[in-house]
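Dumped my_file24.cif below, it's mmCIF, C-alpha atoms:
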data_final
#
loop_
_atom_site.label_atom_id
_atom_site.label_comp_id
_atom_site.auth_asym_id
_atom_site.auth_seq_id
_atom_site.Cartn_x
_atom_site.Cartn_y
_atom_site.Cartn_z
CA MET A 1 2.53 21.76 -44.86
CA LEU A 2 -0.65 20.27 -43.46
CA VAL A 3 -1.65 20.78 -39.82
CA LEU A 4 -3.80 17.96 -38.44
CA PRO A 5 -5.57 18.46 -35.10
CA ALA A 6 -5.53 15.19 -33.19
CA ILE A 7 -8.65 13.70 -31.64
CA ASP A 8 -7.69 10.86 -29.31
CA ILE A 9 -10.69 8.88 -28.12
CA ARG A 10 -10.95 6.77 -25.00
CA ALA A 11 -14.24 5.44 -23.65
CA GLY A 12 -16.07 7.70 -26.10
CA ARG A 13 -14.41 10.89 -24.86
CA CYS A 14 -11.79 13.20 -26.33
CA VAL A 15 -8.66 12.90 -24.19
CA ARG A 16 -4.91 13.45 -24.22
CA LEU A 17 -2.30 11.24 -22.62
CA LEU A 18 1.16 12.18 -21.40
CA ARG A 19 3.81 10.18 -23.27
CA GLY A 20 1.17 7.56 -24.04
CA ASP A 21 0.60 6.80 -20.35
CA TYR A 22 -3.01 5.69 -19.85
CA GLU A 23 -2.73 6.63 -16.17
CA GLN A 24 -1.97 10.25 -17.08
CA GLU A 25 -5.10 11.19 -18.96
CA THR A 26 -6.75 14.58 -19.36
CA VAL A 27 -10.35 14.68 -20.63
CA PHE A 28 -11.07 17.62 -22.91
CA SER A 29 -14.56 16.78 -24.15
CA ASP A 30 -17.32 14.24 -23.75
CA ASP A 31 -18.29 14.89 -27.38
CA PRO A 32 -15.50 14.13 -29.88
CA ALA A 33 -17.77 15.01 -32.81
CA ALA A 34 -18.29 18.50 -31.40
CA MET A 35 -14.53 18.82 -31.06
CA ALA A 36 -14.14 17.80 -34.69
CA GLN A 37 -16.62 20.49 -35.69
CA ARG A 38 -14.65 23.03 -33.68
CA TRP A 39 -11.43 22.29 -35.55
CA ILE A 40 -13.23 22.32 -38.90
CA ASP A 41 -14.80 25.68 -38.04
CA GLU A 42 -11.32 26.98 -37.17
CA GLY A 43 -10.01 26.01 -40.59
CA ALA A 44 -8.72 22.44 -40.30
CA ARG A 45 -8.30 20.63 -43.62
CA ALA A 46 -7.64 17.25 -42.00
CA LEU A 47 -8.16 15.37 -38.73
CA HIS A 48 -5.96 12.73 -37.11
CA LEU A 49 -8.13 10.29 -35.14
CA VAL A 50 -6.84 7.72 -32.66
CA ASP A 51 -8.86 4.97 -30.99
CA LEU A 52 -6.86 4.62 -27.78
CA ASP A 53 -8.90 1.69 -26.52
CA GLY A 54 -8.46 -0.14 -29.79
CA ALA A 55 -4.73 0.55 -29.73
CA ARG A 56 -4.31 -1.58 -26.64
CA GLY A 57 -6.83 -4.21 -27.71
CA ALA A 58 -9.72 -3.01 -25.57
CA GLY A 59 -12.54 -3.48 -28.08
CA ASP A 60 -14.79 -1.29 -30.23
CA ASP A 61 -16.24 1.07 -27.61
CA ASN A 62 -15.28 4.08 -29.72
CA GLN A 63 -16.91 3.08 -32.98
CA ARG A 64 -19.90 5.37 -32.51
CA ALA A 65 -17.68 8.29 -31.59
CA VAL A 66 -15.55 7.82 -34.71
CA GLU A 67 -18.62 7.45 -36.90
CA ALA A 68 -20.03 10.69 -35.47
CA ILE A 69 -16.79 12.47 -36.33
CA LEU A 70 -16.90 11.09 -39.85
CA ALA A 71 -20.45 12.41 -40.25
CA VAL A 72 -19.23 15.88 -39.27
CA ALA A 73 -16.20 15.65 -41.57
CA ALA A 74 -18.41 14.64 -44.50
CA GLY A 75 -19.82 18.15 -44.47
CA ALA A 76 -16.39 19.74 -44.75
CA GLY A 77 -15.95 19.01 -48.44
CA ASP A 78 -14.59 16.30 -50.69
CA ASP A 79 -10.98 17.38 -50.15
CA PHE A 80 -11.15 17.05 -46.37
CA ILE A 81 -8.86 14.32 -45.00
CA THR A 82 -9.66 11.98 -42.14
CA GLU A 83 -7.18 9.40 -40.93
CA LEU A 84 -7.68 6.83 -38.19
CA GLY A 85 -5.30 4.67 -36.20
CA GLY A 86 -5.58 2.42 -33.18
CA GLY A 87 -6.47 -1.26 -33.13
CA ILE A 88 -6.61 -1.73 -36.90
CA ARG A 89 -4.88 -5.07 -37.25
CA ASP A 90 -6.64 -7.08 -39.94
CA LEU A 91 -8.08 -6.61 -43.43
CA VAL A 92 -11.66 -6.85 -42.23
CA THR A 93 -11.19 -3.86 -39.92
CA VAL A 94 -9.37 -1.89 -42.61
CA GLU A 95 -12.23 -2.48 -45.02
CA ARG A 96 -14.85 -1.62 -42.40
CA TRP A 97 -13.34 1.76 -41.61
CA LEU A 98 -12.67 2.70 -45.22
CA ALA A 99 -16.28 1.79 -46.06
CA ALA A 100 -17.44 3.91 -43.11
CA GLY A 101 -15.80 6.96 -44.65
CA VAL A 102 -12.29 7.14 -43.19
CA GLY A 103 -9.99 8.59 -45.83
CA ARG A 104 -6.95 6.63 -44.80
CA VAL A 105 -6.19 4.09 -42.11
CA ILE A 106 -3.02 4.00 -40.05
CA LEU A 107 -1.63 0.58 -39.17
CA GLY A 108 0.72 0.35 -36.22
CA THR A 109 1.21 -2.81 -34.19
CA VAL A 110 0.38 -5.07 -37.13
CA ALA A 111 3.26 -3.55 -39.10
CA VAL A 112 5.59 -5.21 -36.59
CA ARG A 113 3.59 -8.33 -35.76
CA ASP A 114 2.24 -9.26 -39.20
CA PRO A 115 3.69 -7.07 -41.99
CA ASP A 116 2.08 -9.27 -44.65
CA ILE A 117 -1.27 -7.76 -43.67
CA VAL A 118 0.11 -4.30 -44.31
CA GLU A 119 1.34 -5.33 -47.73
CA GLN A 120 -2.00 -6.93 -48.61
CA ALA A 121 -3.92 -3.86 -47.45
CA ALA A 122 -1.66 -1.46 -49.34
CA ARG A 123 -2.09 -3.47 -52.50
CA ARG A 124 -5.87 -3.73 -52.11
CA TRP A 125 -6.47 -0.07 -51.17
CA PRO A 126 -3.65 1.90 -52.82
CA GLY A 127 -3.08 5.37 -51.43
CA ARG A 128 -5.24 4.80 -48.38
CA VAL A 129 -3.03 2.71 -46.13
CA TRP A 130 -0.46 4.44 -43.93
CA VAL A 131 1.71 3.14 -41.12
CA GLY A 132 2.18 4.69 -37.71
CA ILE A 133 5.70 4.35 -36.36
CA ASP A 134 5.78 5.30 -32.69
CA ALA A 135 9.23 5.28 -31.13
CA ARG A 136 11.14 5.78 -27.89
CA SER A 137 14.79 6.60 -28.50
CA GLY A 138 14.49 5.19 -32.00
CA ARG A 139 12.88 1.91 -30.91
CA VAL A 140 9.36 1.07 -32.09
CA ALA A 141 6.63 0.65 -29.46
CA VAL A 142 3.46 -1.42 -30.02
CA ASP A 143 0.15 -2.29 -28.32
CA GLY A 144 -0.79 1.30 -27.59
CA TRP A 145 2.86 2.08 -26.75
CA LEU A 146 2.77 -0.42 -23.89
CA ASN A 147 5.38 -2.81 -25.29
CA ASP A 148 8.69 -2.72 -27.15
CA GLY A 149 8.24 -3.93 -30.72
CA GLY A 150 11.84 -5.05 -31.11
CA ARG A 151 12.41 -2.96 -34.25
CA ASP A 152 14.39 0.11 -35.17
CA ALA A 153 12.20 2.94 -36.43
CA LEU A 154 14.23 3.69 -39.55
CA GLU A 155 14.48 0.04 -40.50
CA LEU A 156 10.73 -0.40 -40.09
CA ALA A 157 10.05 2.72 -42.18
CA MET A 158 12.06 1.34 -45.09
CA ALA A 159 10.39 -2.05 -44.80
CA MET A 160 6.93 -0.47 -44.85
CA GLN A 161 7.81 1.61 -47.89
CA ASP A 162 8.76 -1.62 -49.62
CA ALA A 163 5.40 -3.05 -48.53
CA GLY A 164 3.67 -0.30 -50.49
CA VAL A 165 2.26 2.03 -47.83
CA ALA A 166 1.22 5.50 -48.92
CA GLY A 167 2.83 7.33 -46.03
CA ILE A 168 4.11 7.23 -42.46
CA VAL A 169 3.07 8.99 -39.26
CA TYR A 170 6.13 9.24 -37.01
CA THR A 171 5.57 9.90 -33.31
CA ASP A 172 8.28 10.59 -30.78
CA ILE A 173 6.65 9.06 -27.69
CA ASP A 174 9.00 10.74 -25.23
CA ARG A 175 7.71 14.12 -26.38
CA ASP A 176 4.06 13.27 -26.98
CA GLY A 177 1.75 15.38 -24.83
CA THR A 178 4.66 17.20 -23.18
CA GLY A 179 4.89 20.38 -25.23
CA ASP A 180 8.68 20.00 -25.10
CA GLY A 181 9.01 20.65 -28.81
CA VAL A 182 8.78 18.48 -31.89
CA ASN A 183 11.73 16.20 -32.67
CA ALA A 184 12.32 17.72 -36.09
CA GLU A 185 15.76 16.15 -36.46
CA ALA A 186 14.62 12.55 -35.88
CA THR A 187 11.55 13.06 -38.05
CA ALA A 188 13.63 14.48 -40.91
CA ARG A 189 16.12 11.62 -40.58
CA LEU A 190 13.33 9.08 -40.93
CA ALA A 191 11.71 11.02 -43.79
CA ARG A 192 15.00 11.04 -45.71
CA SER A 193 15.22 7.26 -45.39
CA VAL A 194 12.04 6.80 -47.47
CA THR A 195 10.33 8.38 -50.46
CA VAL A 196 6.76 8.31 -49.14
CA PRO A 197 5.43 11.36 -47.26
CA VAL A 198 5.84 11.58 -43.49
CA LEU A 199 3.74 13.30 -40.84
CA ALA A 200 5.47 14.51 -37.66
CA SER A 201 3.80 13.95 -34.31
CA GLY A 202 4.62 14.48 -30.65
CA GLY A 203 5.73 17.47 -28.60
CA VAL A 204 4.40 20.34 -30.72
CA HIS A 205 4.03 23.40 -28.51
CA GLY A 206 3.71 26.33 -30.86
CA VAL A 207 4.54 28.11 -34.07
CA VAL A 208 8.29 27.58 -33.65
CA ASP A 209 7.79 23.82 -33.98
CA VAL A 210 6.00 24.18 -37.29
CA GLU A 211 8.69 26.56 -38.48
CA ARG A 212 11.39 24.02 -37.55
CA LEU A 213 9.58 21.36 -39.53
CA ARG A 214 9.23 23.65 -42.53
CA GLU A 215 12.99 24.16 -42.50
CA VAL A 216 13.43 20.42 -43.09
CA ALA A 217 10.30 19.89 -45.20
CA ASP A 218 12.45 18.99 -48.19
CA SER A 219 13.21 15.74 -46.35
CA GLY A 220 9.66 14.58 -47.15
CA ILE A 221 7.72 15.88 -44.15
CA GLU A 222 4.22 16.60 -45.44
CA GLY A 223 2.51 17.75 -42.27
CA VAL A 224 2.30 17.78 -38.49
CA VAL A 225 -0.16 16.30 -36.01
CA VAL A 226 -0.98 18.63 -33.09
CA GLY A 227 -2.79 17.69 -29.90
CA ARG A 228 -2.31 19.11 -26.42
CA ALA A 229 -1.00 22.50 -27.55
CA LEU A 230 -4.35 23.16 -29.21
CA TYR A 231 -6.42 21.80 -26.35
CA ASP A 232 -4.49 23.71 -23.69
CA GLY A 233 -4.73 26.91 -25.72
CA ALA A 234 -0.95 27.30 -26.02
CA VAL A 235 -1.45 28.17 -29.68
CA THR A 236 -4.32 28.53 -32.11
CA LEU A 237 -4.94 26.42 -35.17
CA ALA A 238 -5.00 29.59 -37.26
CA LYS A 239 -1.47 30.56 -36.17
CA LEU A 240 -0.13 27.06 -36.82
CA THR A 241 -1.77 26.95 -40.23
CA GLU A 242 -0.30 30.33 -41.11
CA ALA A 243 3.17 29.15 -40.05
CA ALA A 244 2.72 25.97 -42.10
CA GLY A 245 2.22 28.01 -45.25
#
Could you write out this structure as structure tokens?
Amino acid sequence: MLVLPAIDIRAGRCVRLLRGDYEQETVFSDDPAAMAQRWIDEGARALHLVDLDGARGAGDDNQRAVEAILAVAAGAGDDFITELGGGIRDLVTVERWLAAGVGRVILGTVAVRDPDIVEQAARRWPGRVWVGIDARSGRVAVDGWLNDGGRDALELAMAMQDAGVAGIVYTDIDRDGTGDGVNAEATARLARSVTVPVLASGGVHGVVDVERLREVADSGIEGVVVGRALYDGAVTLAKLTEAAG
């Protein structure tokens, strides 16, 4: 199972939000690229990047920060994975980020608002287009988690599989940034509803969360995104990676 340290970027800085609330922000670094290098040095084989400003339609202020991270990741080897989500809502932006060196893009809001774009992107860049499904109590949230998308998470997952996406990142918003524990049951339920791989996200606090996910890995869970637990020092990347196997 893959462990992906999360680097959430807002106004060019590495931050974490509590349950996606932009008013509850903690800044962990003014240099996201240096943070990326830290995780690589500690053994990361992949990074999960989120443009928080882009997610809520606030422009391209984080482009330089993402590009700096990609430059660092380029030195980590050909097998290193970078994935980016947040504000990617048209084919032009998908193409721009893939050309810039992002390994795979994660489409979120557009999967609800204009699923034809997802299907076109998946067909044009096979294997490199994923969908982020962020949910509260099973309901999909959009626009940087600010609004209800009017869709059921499982139903959207199946629709996106049919659209040809390569995988799904499933985030339980109610647990994101809380350290209350990963929602392994809901993630496994969603993973069993599709045949594409799924990444779990939200609420990871320590080794026990990775172990819980490994117990249901046969459902199709390929990896786990970890944020605040790493930044707060609740657990080390090495221990999570060891638990992931």
Mind telling me what the PyMOL selection byres ((chain A and resi 191-208) around 6) catches here, as a PyMOL selection string?
-> chain A and resi 158+167-172+175-182+188-190+209-211+219-225+229+235+240
Quick one: distance from atom CA of Glu23 of chain A to atom CA of Leu49 of chain A in Å, one decimal?
->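 Going from atom CA of Glu23 of chain A over to atom CA of Leu49 of chain A, I get 20.1 Å.
Nearest to Val118 of chain A of all the residues A:Gly132, A:Ala163, A:Ala74, A:Pro32 is A:Ala163, counting all atoms listed in the file.
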Atom CA of Pro5 of chain A to atom CA of Glu242 of chain A: how many Å, to one decimal?
->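 These two atoms are separated by 14.3 Å.
Reported to one decimal place, the separation of atom CA of Asp8 of chain A from atom CA of Val216 of chain A is 27.0 Å.
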Please write as a ChimeraX atom specification the full residue list that the PyMOL selection byres ((chain A and resi 37) around 12) yields on this file.
-> /A:5,7,31-36,38-47,68-76
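Among the candidates A:Ala122, A:Ile9, A:Val27, A:Val226, the one nearest to Gly86 of chain A when counting all atoms listed in the file is A:Ile9.
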In terms of the shortest atom-to-atom distance over all atoms listed in the file, which of A:Val3, A:Ala244, A:Ala234, A:Met160 is closest to Arg212 of chain A?
->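 Comparing A:Val3, A:Ala244, A:Ala234, A:Met160 against Arg212 of chain A, the winner is A:Ala244.
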What lies within 6 Å of Val131 of chain A using all atoms listed in the file, ignoring chain neighbours under 5 positions off, as a compact mmCIF listing (two decimals) with C-alpha atoms, in the frame of the given file?
# COMPACT_ATOMS: atom_id res chain seq x y z
CA ILE A 106 -3.02 4.00 -40.05
CA LEU A 107 -1.63 0.58 -39.17
CA GLY A 108 0.72 0.35 -36.22
CA ILE A 168 4.11 7.23 -42.46
Nearest-residue call for Arg136 of chain A, choices A:Asp218, A:Asp53, A:Asp148, A:Asp30, using only C-alpha atoms = A:Asp148
Which residue out of A:Ile117, A:Leu84, A:Leu2, A:Ala141 has the minimum interatomic distance to Gly164 of chain A when all atoms listed in the file are used?
->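 Checking each of A:Ile117, A:Leu84, A:Leu2, A:Ala141 against Gly164 of chain A, counting all atoms listed in the file, the winner is A:Ile117.
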If you count all atoms listed in the file, which residues fall within 10 Å of Ser137 of chain A, apart from same-chain ones fewer than 5 positions away, as an mmCIF file with C-alpha atoms, in the coordinates of the input?
data_model
loop_
_atom_site.group_PDB
_atom_site.id
_atom_site.type_symbol
_atom_site.label_atom_id
_atom_site.label_comp_id
_atom_site.auth_asym_id
_atom_site.auth_seq_id
_atom_site.Cartn_x
_atom_site.Cartn_y
_atom_site.Cartn_z
ATOM 1 C CA ASP A 152 14.390 0.110 -35.170
ATOM 2 C CA ALA A 153 12.200 2.940 -36.430
ATOM 3 C CA ASP A 172 8.280 10.590 -30.780
ATOM 4 C CA ILE A 173 6.650 9.060 -27.690
ATOM 5 C CA ASP A 174 9.000 10.740 -25.230
ATOM 6 C CA ALA A 186 14.620 12.550 -35.880
#
Determine, counting only C-alpha atoms, which protein, DNA and RNA residues have an atom within 10 Å of an atom of Arg104 of chain A; residues of the same chain fewer than 5 positions away are not included. Present the result as a list in words.
->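 Counting only C-alpha atoms, the residues come to His48, Ile81, Thr82, Glu83, Leu84, Gly85, Val94, Trp97, Leu98, Trp125, Pro126, Gly127, Arg128, Val129, Trp130, Ala166 and Gly167 of chain A.
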Decode the PyMOL selection byres ((chain A and resi 62) around 9) for the given file into explicit residues and return them as number ranges by chain.
-> A: 9-13, 51-54, 59-61, 63-67
Can you list, as a PyMOL selection string, every protein, DNA or RNA residue that comes within 7 Å of Val112 of chain A when you count only C-alpha atoms, leaving out same-chain residues fewer than 3 positions away?
-> chain A and resi 109+115+149
Residue completion, segment 68-104 of chain A, N, CA and C atoms, as a tab-separated table (two decimals), in the coordinates of the input:
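Generated file (part_32.tsv):
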chain	number	residue	atom	x	y	z
A	68	ALA	N	-19.46	9.34	-35.62
A	68	ALA	CA	-20.03	10.69	-35.47
A	68	ALA	C	-19.07	11.75	-36.00
A	69	ILE	N	-17.78	11.55	-35.78
A	69	ILE	CA	-16.79	12.47	-36.33
A	69	ILE	C	-16.80	12.43	-37.85
A	70	LEU	N	-16.88	11.23	-38.39
A	70	LEU	CA	-16.90	11.09	-39.85
A	70	LEU	C	-18.12	11.77	-40.46
A	71	ALA	N	-19.24	11.74	-39.76
A	71	ALA	CA	-20.45	12.41	-40.25
A	71	ALA	C	-20.22	13.93	-40.30
A	72	VAL	N	-19.55	14.45	-39.29
A	72	VAL	CA	-19.23	15.88	-39.27
A	72	VAL	C	-18.25	16.22	-40.40
A	73	ALA	N	-17.23	15.39	-40.55
A	73	ALA	CA	-16.20	15.65	-41.57
A	73	ALA	C	-16.77	15.58	-42.98
A	74	ALA	N	-17.81	14.77	-43.17
A	74	ALA	CA	-18.41	14.64	-44.50
A	74	ALA	C	-18.97	15.96	-45.01
A	75	GLY	N	-19.30	16.85	-44.07
A	75	GLY	CA	-19.82	18.15	-44.47
A	75	GLY	C	-18.76	19.19	-44.73
A	76	ALA	N	-17.49	18.79	-44.60
A	76	ALA	CA	-16.39	19.74	-44.75
A	76	ALA	C	-15.83	19.79	-46.16
A	77	GLY	N	-16.40	18.98	-47.06
A	77	GLY	CA	-15.95	19.01	-48.44
A	77	GLY	C	-15.22	17.75	-48.86
A	78	ASP	N	-15.19	17.52	-50.15
A	78	ASP	CA	-14.59	16.30	-50.69
A	78	ASP	C	-13.09	16.22	-50.46
A	79	ASP	N	-12.43	17.37	-50.31
A	79	ASP	CA	-10.98	17.38	-50.15
A	79	ASP	C	-10.54	17.20	-48.70
A	80	PHE	N	-11.50	17.17	-47.78
A	80	PHE	CA	-11.15	17.05	-46.37
A	80	PHE	C	-10.60	15.66	-46.09
A	81	ILE	N	-9.53	15.59	-45.29
A	81	ILE	CA	-8.86	14.32	-45.00
A	81	ILE	C	-9.17	13.86	-43.59
A	82	THR	N	-9.57	12.60	-43.45
A	82	THR	CA	-9.66	11.98	-42.14
A	82	THR	C	-8.75	10.75	-42.15
A	83	GLU	N	-8.01	10.59	-41.07
A	83	GLU	CA	-7.18	9.40	-40.93
A	83	GLU	C	-7.40	8.83	-39.53
A	84	LEU	N	-7.38	7.51	-39.45
A	84	LEU	CA	-7.68	6.83	-38.19
A	84	LEU	C	-6.67	5.74	-37.90
A	85	GLY	N	-6.17	5.73	-36.67
A	85	GLY	CA	-5.30	4.67	-36.20
A	85	GLY	C	-5.76	4.16	-34.85
A	86	GLY	N	-5.24	2.99	-34.48
A	86	GLY	CA	-5.58	2.42	-33.18
A	86	GLY	C	-6.39	1.15	-33.31
A	87	GLY	N	-5.76	0.01	-33.14
A	87	GLY	CA	-6.47	-1.26	-33.13
A	87	GLY	C	-6.85	-1.80	-34.49
A	88	ILE	N	-6.31	-1.24	-35.56
A	88	ILE	CA	-6.61	-1.73	-36.90
A	88	ILE	C	-5.55	-2.75	-37.27
A	89	ARG	N	-5.90	-4.04	-37.15
A	89	ARG	CA	-4.88	-5.07	-37.25
A	89	ARG	C	-5.24	-6.21	-38.18
A	90	ASP	N	-6.30	-6.05	-38.97
A	90	ASP	CA	-6.64	-7.08	-39.94
A	90	ASP	C	-7.36	-6.42	-41.11
A	91	LEU	N	-7.48	-7.16	-42.21
A	91	LEU	CA	-8.08	-6.61	-43.43
A	91	LEU	C	-9.55	-6.30	-43.26
A	92	VAL	N	-10.24	-7.08	-42.45
A	92	VAL	CA	-11.66	-6.85	-42.23
A	92	VAL	C	-11.87	-5.48	-41.59
A	93	THR	N	-11.05	-5.16	-40.60
A	93	THR	CA	-11.19	-3.86	-39.92
A	93	THR	C	-10.79	-2.71	-40.84
A	94	VAL	N	-9.75	-2.91	-41.63
A	94	VAL	CA	-9.37	-1.89	-42.61
A	94	VAL	C	-10.54	-1.61	-43.54
A	95	GLU	N	-11.12	-2.64	-44.08
A	95	GLU	CA	-12.23	-2.48	-45.02
A	95	GLU	C	-13.43	-1.81	-44.36
A	96	ARG	N	-13.70	-2.19	-43.11
A	96	ARG	CA	-14.85	-1.62	-42.40
A	96	ARG	C	-14.70	-0.11	-42.23
A	97	TRP	N	-13.51	0.32	-41.83
A	97	TRP	CA	-13.34	1.76	-41.61
A	97	TRP	C	-13.29	2.55	-42.91
A	98	LEU	N	-12.67	2.00	-43.93
A	98	LEU	CA	-12.67	2.70	-45.22
A	98	LEU	C	-14.09	2.81	-45.77
A	99	ALA	N	-14.89	1.76	-45.61
A	99	ALA	CA	-16.28	1.79	-46.06
A	99	ALA	C	-17.10	2.78	-45.24
A	100	ALA	N	-16.71	2.99	-43.99
A	100	ALA	CA	-17.44	3.91	-43.11
A	100	ALA	C	-17.15	5.37	-43.44
A	101	GLY	N	-16.09	5.60	-44.24
A	101	GLY	CA	-15.80	6.96	-44.65
A	101	GLY	C	-14.45	7.50	-44.23
A	102	VAL	N	-13.65	6.70	-43.53
A	102	VAL	CA	-12.29	7.14	-43.19
A	102	VAL	C	-11.48	7.27	-44.48
A	103	GLY	N	-10.76	8.37	-44.61
A	103	GLY	CA	-9.99	8.59	-45.83
A	103	GLY	C	-8.79	7.68	-45.94
A	104	ARG	N	-8.10	7.53	-44.81
A	104	ARG	CA	-6.95	6.63	-44.80
A	104	ARG	C	-6.79	6.03	-43.40
